[in-house]
Amino acid sequence: MNPQNSNSDSENSCPGYLSCFDTLTPEQTQMVKAGSRLITYNAGETIIKQGLYSPYVIFLTSGFAKLYLEADRNRQIITQLAGKGDFISFSPVFNEHPHKYSASALTDCEVCLIETSGIRKLLHLNSKFGFSITARNWQTESRLIDLLASHSLRHMPGRLDGIISLKAKAIIIKNRDELQKIALMG
């Protein structure tokens, strides 16, 4: 894990990664930048742990990560394969503690941590930003409902294909075997 403060005005600062931040005023953008930082994770490192608390909104700015439920010591239920621009954690904005799932890096990746107080303030000040966030969260909820429905009706090989196909709809995959390898890691 390699933290970097993102308080500079560079084009790679945290708010520049998601289209929902395009609706912010320059002052609101600066507020987010002041309360954010970029962190790099190596493949296999844990980003968040089920049952623990984090006071940050976290989204992926590069790489891939898996979000999963820890069912027991030797079993994980993968709920999402996250890519660039996907939220890893948004629940702290609503005082939802602790995390209900874990996330780990499948590839080397970079995440942006933003203090929840800043996001809460933006949700109150900027309705376009709030609507954009709500739309993103609905897409995630819809994918989870689809995953639950398909997961409950399939045997193990079909479950993996279902997880892969749900994520493949959102991003272009050049090599399906490589994605299967990534999905089976960890």
# chains A, B, ... in the order shown; residues from 1 in each chain; ligands from 1

$ select_by_dssp --residues "stretch 53-160 of chain A" --states "alpha helix (DSSP H)" --output "PyMOL selection string"
chain A and resi 116-125+127-152+156-160

$ residues_around --residues "stretch 115-124 of chain A" --least-positions-apart "6" --cutoff "6 Å" --atoms "only C-alpha atoms" --output "count of residues only"
5

$ select_by_dssp --residues "stretch 9-59 of chain A" --states "strand (DSSP E)" --output "ChimeraX atom specification"
/A:36-41,46-48,56-59

$ write_last_selection --atoms "C-alpha atoms" --output "PDB file, in the first residue's frame"
ATOM      1  CA  SER A  36      -8.965  12.953  -0.553  1.00  0.00           C
ATOM      2  CA  ARG A  37      -5.910  10.839  -1.176  1.00  0.00           C
ATOM      3  CA  LEU A  38      -4.777   8.213  -3.641  1.00  0.00           C
ATOM      4  CA  ILE A  39      -3.516   4.853  -2.427  1.00  0.00           C
ATOM      5  CA  THR A  40      -1.867   2.121  -4.502  1.00  0.00           C
ATOM      6  CA  TYR A  41      -2.465  -1.557  -3.694  1.00  0.00           C
ATOM      7  CA  THR A  46      -6.910  -6.294   1.067  1.00  0.00           C
ATOM      8  CA  ILE A  47      -8.523  -2.922   0.402  1.00  0.00           C
ATOM      9  CA  ILE A  48     -11.354  -3.222   2.942  1.00  0.00           C
ATOM     10  CA  TYR A  56     -13.932   6.989   3.660  1.00  0.00           C
ATOM     11  CA  VAL A  57     -15.813   6.693   0.416  1.00  0.00           C
ATOM     12  CA  ILE A  58     -13.542   4.549  -1.737  1.00  0.00           C
ATOM     13  CA  PHE A  59     -13.533   4.171  -5.502  1.00  0.00           C
TER      14      PHE A  59
END

$ closest_residue --among "A:Trp138, A:Phe129, A:Phe21, A:Tyr68" --to "A:Lys100" --atoms "only C-alpha atoms"
A:Tyr68

$ closest_residue --among "A:Asn42, A:Ser132, A:Gln139, A:Thr29" --to "A:Asp108" --atoms "only C-alpha atoms"
A:Asn42

$ atom_distance --atom1 "atom CA of A:Ala34" --atom2 "atom CA of A:Ile114"
8.9 Å

$ decode --residues "stretch 105-118 of chain A" --atoms "N, CA, C and O atoms" --output "mmCIF file, in the first residue's frame"
data_model
loop_
_atom_site.group_PDB
_atom_site.id
_atom_site.type_symbol
_atom_site.label_atom_id
_atom_site.label_comp_id
_atom_site.auth_asym_id
_atom_site.auth_seq_id
_atom_site.Cartn_x
_atom_site.Cartn_y
_atom_site.Cartn_z
ATOM 1 N N ALA A 105 -7.472 -6.413 -4.058
ATOM 2 C CA ALA A 105 -6.948 -6.088 -5.381
ATOM 3 C C ALA A 105 -6.676 -7.371 -6.160
ATOM 4 O O ALA A 105 -5.971 -8.252 -5.668
ATOM 5 N N LEU A 106 -7.224 -7.483 -7.353
ATOM 6 C CA LEU A 106 -6.930 -8.607 -8.236
ATOM 7 C C LEU A 106 -5.693 -8.317 -9.069
ATOM 8 O O LEU A 106 -4.956 -9.229 -9.452
ATOM 9 N N THR A 107 -5.495 -7.053 -9.381
ATOM 10 C CA THR A 107 -4.313 -6.591 -10.098
ATOM 11 C C THR A 107 -3.762 -5.418 -9.291
ATOM 12 O O THR A 107 -4.416 -4.958 -8.350
ATOM 13 N N ASP A 108 -2.590 -4.933 -9.634
ATOM 14 C CA ASP A 108 -2.134 -3.702 -9.008
ATOM 15 C C ASP A 108 -3.190 -2.650 -9.315
ATOM 16 O O ASP A 108 -3.668 -2.551 -10.452
ATOM 17 N N CYS A 109 -3.599 -1.911 -8.301
ATOM 18 C CA CYS A 109 -4.653 -0.929 -8.523
ATOM 19 C C CYS A 109 -4.449 0.287 -7.640
ATOM 20 O O CYS A 109 -3.662 0.267 -6.689
ATOM 21 N N GLU A 110 -5.167 1.323 -7.975
ATOM 22 C CA GLU A 110 -5.117 2.573 -7.237
ATOM 23 C C GLU A 110 -6.539 2.924 -6.849
ATOM 24 O O GLU A 110 -7.467 2.793 -7.647
ATOM 25 N N VAL A 111 -6.710 3.351 -5.603
ATOM 26 C CA VAL A 111 -8.026 3.761 -5.128
ATOM 27 C C VAL A 111 -7.953 5.188 -4.611
ATOM 28 O O VAL A 111 -6.895 5.672 -4.214
ATOM 29 N N CYS A 112 -9.096 5.833 -4.635
ATOM 30 C CA CYS A 112 -9.212 7.173 -4.085
ATOM 31 C C CYS A 112 -10.056 7.088 -2.820
ATOM 32 O O CYS A 112 -11.145 6.512 -2.834
ATOM 33 N N LEU A 113 -9.534 7.632 -1.736
ATOM 34 C CA LEU A 113 -10.265 7.721 -0.479
ATOM 35 C C LEU A 113 -10.716 9.168 -0.309
ATOM 36 O O LEU A 113 -9.906 10.089 -0.413
ATOM 37 N N ILE A 114 -12.004 9.361 -0.060
ATOM 38 C CA ILE A 114 -12.548 10.699 0.157
ATOM 39 C C ILE A 114 -13.266 10.698 1.497
ATOM 40 O O ILE A 114 -14.070 9.807 1.787
ATOM 41 N N GLU A 115 -12.996 11.712 2.309
ATOM 42 C CA GLU A 115 -13.653 11.820 3.612
ATOM 43 C C GLU A 115 -15.167 11.901 3.424
ATOM 44 O O GLU A 115 -15.661 12.642 2.571
ATOM 45 N N THR A 116 -15.899 11.145 4.219
ATOM 46 C CA THR A 116 -17.353 11.081 4.065
ATOM 47 C C THR A 116 -18.032 12.418 4.333
ATOM 48 O O THR A 116 -19.055 12.712 3.722
ATOM 49 N N SER A 117 -17.471 13.227 5.215
ATOM 50 C CA SER A 117 -18.113 14.515 5.521
ATOM 51 C C SER A 117 -18.200 15.387 4.272
ATOM 52 O O SER A 117 -19.198 16.084 4.057
ATOM 53 N N GLY A 118 -17.171 15.346 3.433
ATOM 54 C CA GLY A 118 -17.196 16.116 2.190
ATOM 55 C C GLY A 118 -18.252 15.619 1.227
ATOM 56 O O GLY A 118 -18.954 16.411 0.587
#
